[in-house]
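Here's the structure, in structure tokens; my notes come after.
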Amino acid sequence: EEDLSRRDFTMNACAYDPLTEKIIDPFNGKKDIKYKLIRAVGNPWDRFREDYLRLFRALRFSANLDFCIEDVTWDALYSVSYDDFSKVLSIERVRDELNKCFKQANKPSDMLDDMYELGLLKIYFPELSKCHGFKQNKYHRYDVYWHTFYVLDAVPADFPLIRWAALFHDLGKPASCEDYGTPEASFHNHESISEEIAIDIM
């Protein structure tokens, strides 16, 4: 039970006893699984600060499993996301969480949009964050941000590399836009700028 008390979320804080064939579930993880809730074990501020990757694991589990993040856990996510943890959390670990999302989630944009809400997108994908609210032209219903997400989600999970391409494909539009805010706005050469941005991100 002491070991389970240091796990990240209640759904991951269950154990199986092969002798009694019983589930050891001191934090009601089975109940949270039933109700599709992601809840931190114990004090969520403590759990996230023990390993900041748990911020991204929470968002990835939510997107992959279509679970909701419990309110207090979300409050802690929001608070802890403003810690300065870039020096203690390697970018490779964050990348791995995104790759797991892209390989499994029906809507990988859910994880990225949650990152935007928490201020994490501005840190890890500032180029995508700039697309939020950036209008296109009369040929597009959505801003660059949501257009990108709809394209991303349209790619099946069987093709995670194509999902990355979908995420990158229009990131050059803000930098290439002419006549912004008008129905005739244009984005000449945005594909070349998007390519440069993609290389920088990769």
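Chain lettering (A, B, ...) mirrors the order of the structure tokens, residue numbering begins at 1 for each chain separately, and ligand numbering begins at 1 in order of display.
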| query | Which residues, written as a list in words, have at least one atom at most 7 Å from A:Trp45, with only C-alpha atoms counted and residues fewer than 2 positions away on the same chain left out? | reply | Asn43, Arg47, Phe48, Arg49, Ala76 and Val80 of chain A
task: Based on DSSP run over this structure's backbone, return all residues of stretch 3-150 of chain A in alpha helix (DSSP H), as an MDAnalysis selection string.
output: chainID A and resid 29:34 44:50 53:65 71:80 91:104 109:117 121:124 126:129 144:150
Between atom CA of A:Pro126 and atom CA of A:Ser186 lies a distance of 21.9 Å
Practice problem: Quick one: pull the distance between atom CA of A:Leu112 and atom CA of A:Glu50, Å, one decimal. | Solution: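 Atom-to-atom, atom CA of A:Leu112 to atom CA of A:Glu50, that is 22.7 Å.
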Note to self: List the spatial neighbours of A:Arg60 as a list in words - criterion: any atom at most 7 Å away, only C-alpha atoms, same-chain residues fewer than 2 positions off excluded.
What the structure shows: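 My list of contacting residues is Phe56, Arg57, Ala58, Ser62, Ala63, Asn64, Glu97, Cys101 and Met111 of chain A.
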Using N, CA and C atoms, can you export the residues from the last selection as a PDB file, in the first residue's frame?
```
ATOM      1  N   PHE A  56       1.886  15.384 -18.369  1.00  0.00           N
ATOM      2  CA  PHE A  56       1.632  14.946 -19.743  1.00  0.00           C
ATOM      3  C   PHE A  56       0.969  13.568 -19.775  1.00  0.00           C
ATOM      4  N   ARG A  57       1.293  12.729 -18.800  1.00  0.00           N
ATOM      5  CA  ARG A  57       0.636  11.426 -18.719  1.00  0.00           C
ATOM      6  C   ARG A  57      -0.859  11.601 -18.473  1.00  0.00           C
ATOM      7  N   ALA A  58      -1.224  12.544 -17.617  1.00  0.00           N
ATOM      8  CA  ALA A  58      -2.649  12.792 -17.349  1.00  0.00           C
ATOM      9  C   ALA A  58      -3.374  13.191 -18.631  1.00  0.00           C
ATOM     10  N   SER A  62      -6.117  10.907 -20.714  1.00  0.00           N
ATOM     11  CA  SER A  62      -7.433  11.488 -20.981  1.00  0.00           C
ATOM     12  C   SER A  62      -7.791  11.378 -22.448  1.00  0.00           C
ATOM     13  N   ALA A  63      -6.829  11.683 -23.324  1.00  0.00           N
ATOM     14  CA  ALA A  63      -7.085  11.617 -24.768  1.00  0.00           C
ATOM     15  C   ALA A  63      -7.210  10.176 -25.255  1.00  0.00           C
ATOM     16  N   ASN A  64      -6.321   9.306 -24.780  1.00  0.00           N
ATOM     17  CA  ASN A  64      -6.309   7.928 -25.274  1.00  0.00           C
ATOM     18  C   ASN A  64      -7.508   7.125 -24.798  1.00  0.00           C
ATOM     19  N   GLU A  97       5.485  10.766 -24.742  1.00  0.00           N
ATOM     20  CA  GLU A  97       4.061  10.830 -24.380  1.00  0.00           C
ATOM     21  C   GLU A  97       3.220  11.261 -25.580  1.00  0.00           C
ATOM     22  N   CYS A 101       0.290   9.136 -27.601  1.00  0.00           N
ATOM     23  CA  CYS A 101      -1.022   9.710 -27.905  1.00  0.00           C
ATOM     24  C   CYS A 101      -1.333   9.575 -29.390  1.00  0.00           C
ATOM     25  N   MET A 111      -5.317  16.150 -26.378  1.00  0.00           N
ATOM     26  CA  MET A 111      -4.132  16.338 -25.542  1.00  0.00           C
ATOM     27  C   MET A 111      -3.486  17.692 -25.815  1.00  0.00           C
TER      28      MET A 111
END
```
Exercise: A:Ala13 partners within 7 Å, only C-alpha atoms, chain neighbours under 6 positions left out, as a list in words
Leu4, Arg7, Asp25, Phe27 and Gly29 of chain A
So that I can see what lies close to A:Leu59, please list as a ChimeraX atom specification the residues with an atom at most 10 Å from it, counting only C-alpha atoms and leaving out residues fewer than 5 positions away in the same chain. /A:38,54,64,67-69,74,77,97-98,101,108,110-115
Just the selected residues (N, CA and C atoms), exported as a PDB file, in the first residue's frame, please.
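Generated file (again-v4.pdb):
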```
ATOM      1  N   ILE A  38      -9.821  10.364 -14.234  1.00  0.00           N
ATOM      2  CA  ILE A  38      -8.391  10.379 -13.921  1.00  0.00           C
ATOM      3  C   ILE A  38      -8.225  11.226 -12.664  1.00  0.00           C
ATOM      4  N   ARG A  54       4.184  13.463 -15.219  1.00  0.00           N
ATOM      5  CA  ARG A  54       2.805  13.091 -14.910  1.00  0.00           C
ATOM      6  C   ARG A  54       1.794  14.106 -15.434  1.00  0.00           C
ATOM      7  N   ASN A  64      -6.321   9.306 -24.780  1.00  0.00           N
ATOM      8  CA  ASN A  64      -6.309   7.928 -25.274  1.00  0.00           C
ATOM      9  C   ASN A  64      -7.508   7.125 -24.798  1.00  0.00           C
ATOM     10  N   PHE A  67     -11.197   9.623 -21.010  1.00  0.00           N
ATOM     11  CA  PHE A  67     -11.541   9.822 -19.608  1.00  0.00           C
ATOM     12  C   PHE A  67     -11.522  11.315 -19.303  1.00  0.00           C
ATOM     13  N   CYS A  68     -12.260  11.714 -18.265  1.00  0.00           N
ATOM     14  CA  CYS A  68     -12.226  13.093 -17.783  1.00  0.00           C
ATOM     15  C   CYS A  68     -11.220  13.202 -16.640  1.00  0.00           C
ATOM     16  N   ILE A  69     -10.613  14.368 -16.513  1.00  0.00           N
ATOM     17  CA  ILE A  69      -9.702  14.621 -15.406  1.00  0.00           C
ATOM     18  C   ILE A  69     -10.497  15.227 -14.260  1.00  0.00           C
ATOM     19  N   TRP A  74      -7.290  18.451 -11.948  1.00  0.00           N
ATOM     20  CA  TRP A  74      -7.112  19.476 -12.987  1.00  0.00           C
ATOM     21  C   TRP A  74      -6.582  20.777 -12.389  1.00  0.00           C
ATOM     22  N   LEU A  77      -3.005  20.318 -11.919  1.00  0.00           N
ATOM     23  CA  LEU A  77      -2.352  20.368 -13.227  1.00  0.00           C
ATOM     24  C   LEU A  77      -2.120  21.813 -13.645  1.00  0.00           C
ATOM     25  N   GLU A  97       5.485  10.766 -24.742  1.00  0.00           N
ATOM     26  CA  GLU A  97       4.061  10.830 -24.380  1.00  0.00           C
ATOM     27  C   GLU A  97       3.220  11.261 -25.580  1.00  0.00           C
ATOM     28  N   LEU A  98       3.718  12.214 -26.349  1.00  0.00           N
ATOM     29  CA  LEU A  98       2.992  12.647 -27.545  1.00  0.00           C
ATOM     30  C   LEU A  98       2.919  11.518 -28.572  1.00  0.00           C
ATOM     31  N   CYS A 101       0.290   9.136 -27.601  1.00  0.00           N
ATOM     32  CA  CYS A 101      -1.022   9.710 -27.905  1.00  0.00           C
ATOM     33  C   CYS A 101      -1.333   9.575 -29.390  1.00  0.00           C
ATOM     34  N   PRO A 108      -6.215  12.974 -31.062  1.00  0.00           N
ATOM     35  CA  PRO A 108      -4.989  13.450 -30.409  1.00  0.00           C
ATOM     36  C   PRO A 108      -5.005  14.951 -30.115  1.00  0.00           C
ATOM     37  N   ASP A 110      -7.110  16.465 -28.502  1.00  0.00           N
ATOM     38  CA  ASP A 110      -7.561  16.687 -27.129  1.00  0.00           C
ATOM     39  C   ASP A 110      -6.373  16.928 -26.204  1.00  0.00           C
ATOM     40  N   MET A 111      -5.317  16.150 -26.378  1.00  0.00           N
ATOM     41  CA  MET A 111      -4.132  16.338 -25.542  1.00  0.00           C
ATOM     42  C   MET A 111      -3.486  17.692 -25.815  1.00  0.00           C
ATOM     43  N   LEU A 112      -3.366  18.048 -27.083  1.00  0.00           N
ATOM     44  CA  LEU A 112      -2.718  19.312 -27.445  1.00  0.00           C
ATOM     45  C   LEU A 112      -3.552  20.512 -27.003  1.00  0.00           C
ATOM     46  N   ASP A 113      -4.871  20.411 -27.114  1.00  0.00           N
ATOM     47  CA  ASP A 113      -5.723  21.518 -26.692  1.00  0.00           C
ATOM     48  C   ASP A 113      -5.671  21.684 -25.168  1.00  0.00           C
ATOM     49  N   ASP A 114      -5.592  20.565 -24.439  1.00  0.00           N
ATOM     50  CA  ASP A 114      -5.408  20.662 -22.991  1.00  0.00           C
ATOM     51  C   ASP A 114      -4.065  21.315 -22.666  1.00  0.00           C
ATOM     52  N   MET A 115      -3.037  20.993 -23.456  1.00  0.00           N
ATOM     53  CA  MET A 115      -1.741  21.646 -23.263  1.00  0.00           C
ATOM     54  C   MET A 115      -1.872  23.151 -23.464  1.00  0.00           C
TER      55      MET A 115
END
```
Within 8 Å of A:Glu195, counting only C-alpha atoms, which residues qualify if same-chain residues fewer than 3 places away don't, as a PDB file with all heavy atoms, in the first residue's frame?
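Output file out-v8.pdb is given in full below:
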```
ATOM      1  N   PHE A 168       2.146  19.627 -38.454  1.00  0.00           N
ATOM      2  CA  PHE A 168       3.118  20.615 -38.912  1.00  0.00           C
ATOM      3  C   PHE A 168       2.690  21.356 -40.185  1.00  0.00           C
ATOM      4  O   PHE A 168       3.244  22.416 -40.486  1.00  0.00           O
ATOM      5  CB  PHE A 168       4.457  19.928 -39.216  1.00  0.00           C
ATOM      6  CG  PHE A 168       5.140  19.330 -38.013  1.00  0.00           C
ATOM      7  CD1 PHE A 168       5.951  18.215 -38.152  1.00  0.00           C
ATOM      8  CD2 PHE A 168       4.997  19.886 -36.755  1.00  0.00           C
ATOM      9  CE1 PHE A 168       6.606  17.661 -37.064  1.00  0.00           C
ATOM     10  CE2 PHE A 168       5.633  19.341 -35.654  1.00  0.00           C
ATOM     11  CZ  PHE A 168       6.445  18.222 -35.807  1.00  0.00           C
ATOM     12  N   HIS A 169       1.722  20.839 -40.925  1.00  0.00           N
ATOM     13  CA  HIS A 169       1.578  21.231 -42.328  1.00  0.00           C
ATOM     14  C   HIS A 169       1.242  22.704 -42.551  1.00  0.00           C
ATOM     15  O   HIS A 169       1.568  23.251 -43.599  1.00  0.00           O
ATOM     16  CB  HIS A 169       0.540  20.337 -43.030  1.00  0.00           C
ATOM     17  CG  HIS A 169      -0.886  20.785 -42.877  1.00  0.00           C
ATOM     18  ND1 HIS A 169      -1.628  20.584 -41.730  1.00  0.00           N
ATOM     19  CD2 HIS A 169      -1.704  21.427 -43.746  1.00  0.00           C
ATOM     20  CE1 HIS A 169      -2.839  21.078 -41.901  1.00  0.00           C
ATOM     21  NE2 HIS A 169      -2.916  21.594 -43.107  1.00  0.00           N
ATOM     22  N   GLY A 172       3.340  27.415 -40.855  1.00  0.00           N
ATOM     23  CA  GLY A 172       3.961  28.586 -41.462  1.00  0.00           C
ATOM     24  C   GLY A 172       2.978  29.661 -41.891  1.00  0.00           C
ATOM     25  O   GLY A 172       3.392  30.725 -42.374  1.00  0.00           O
ATOM     26  N   GLU A 191       4.051  26.584 -47.152  1.00  0.00           N
ATOM     27  CA  GLU A 191       4.489  25.187 -47.027  1.00  0.00           C
ATOM     28  C   GLU A 191       5.999  25.101 -46.776  1.00  0.00           C
ATOM     29  O   GLU A 191       6.464  24.240 -46.019  1.00  0.00           O
ATOM     30  CB  GLU A 191       4.091  24.377 -48.273  1.00  0.00           C
ATOM     31  CG  GLU A 191       4.778  24.767 -49.560  1.00  0.00           C
ATOM     32  CD  GLU A 191       4.182  26.003 -50.240  1.00  0.00           C
ATOM     33  OE1 GLU A 191       3.224  26.599 -49.689  1.00  0.00           O
ATOM     34  OE2 GLU A 191       4.669  26.355 -51.320  1.00  0.00           O
ATOM     35  N   SER A 192       6.765  26.016 -47.386  1.00  0.00           N
ATOM     36  CA  SER A 192       8.218  26.014 -47.171  1.00  0.00           C
ATOM     37  C   SER A 192       8.559  26.465 -45.753  1.00  0.00           C
ATOM     38  O   SER A 192       9.449  25.901 -45.100  1.00  0.00           O
ATOM     39  CB  SER A 192       8.907  26.933 -48.185  1.00  0.00           C
ATOM     40  OG  SER A 192       8.688  26.465 -49.500  1.00  0.00           O
ATOM     41  N   ALA A 198       8.922  22.666 -38.963  1.00  0.00           N
ATOM     42  CA  ALA A 198       8.861  21.231 -38.626  1.00  0.00           C
ATOM     43  C   ALA A 198      10.252  20.700 -38.310  1.00  0.00           C
ATOM     44  O   ALA A 198      10.436  19.957 -37.336  1.00  0.00           O
ATOM     45  CB  ALA A 198       8.232  20.449 -39.772  1.00  0.00           C
ATOM     46  N   ILE A 199      11.239  21.084 -39.111  1.00  0.00           N
ATOM     47  CA  ILE A 199      12.617  20.620 -38.875  1.00  0.00           C
ATOM     48  C   ILE A 199      13.122  21.131 -37.526  1.00  0.00           C
ATOM     49  O   ILE A 199      13.750  20.402 -36.758  1.00  0.00           O
ATOM     50  CB  ILE A 199      13.534  21.068 -40.030  1.00  0.00           C
ATOM     51  CG1 ILE A 199      13.164  20.311 -41.310  1.00  0.00           C
ATOM     52  CG2 ILE A 199      14.994  20.839 -39.667  1.00  0.00           C
ATOM     53  CD1 ILE A 199      13.844  20.837 -42.563  1.00  0.00           C
TER      54      ILE A 199
END
```
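Computed from the coordinates, the atom CA of A:Leu161 to atom CA of A:Ala105 distance equals 13.7 Å.
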Nearest to A:Asp158, restricted to only C-alpha atoms and choosing among A:Ser79, A:Lys100, A:Leu19, A:Lys31, comes out as A:Lys100
DSSP on the backbone: which residues in chain A end up as strand (DSSP E or B)? Give the answer as JSON, numbers by chain. {"A": [9, 15, 16, 17, 22, 23, 24, 37, 38, 40, 68, 69, 178, 186]}
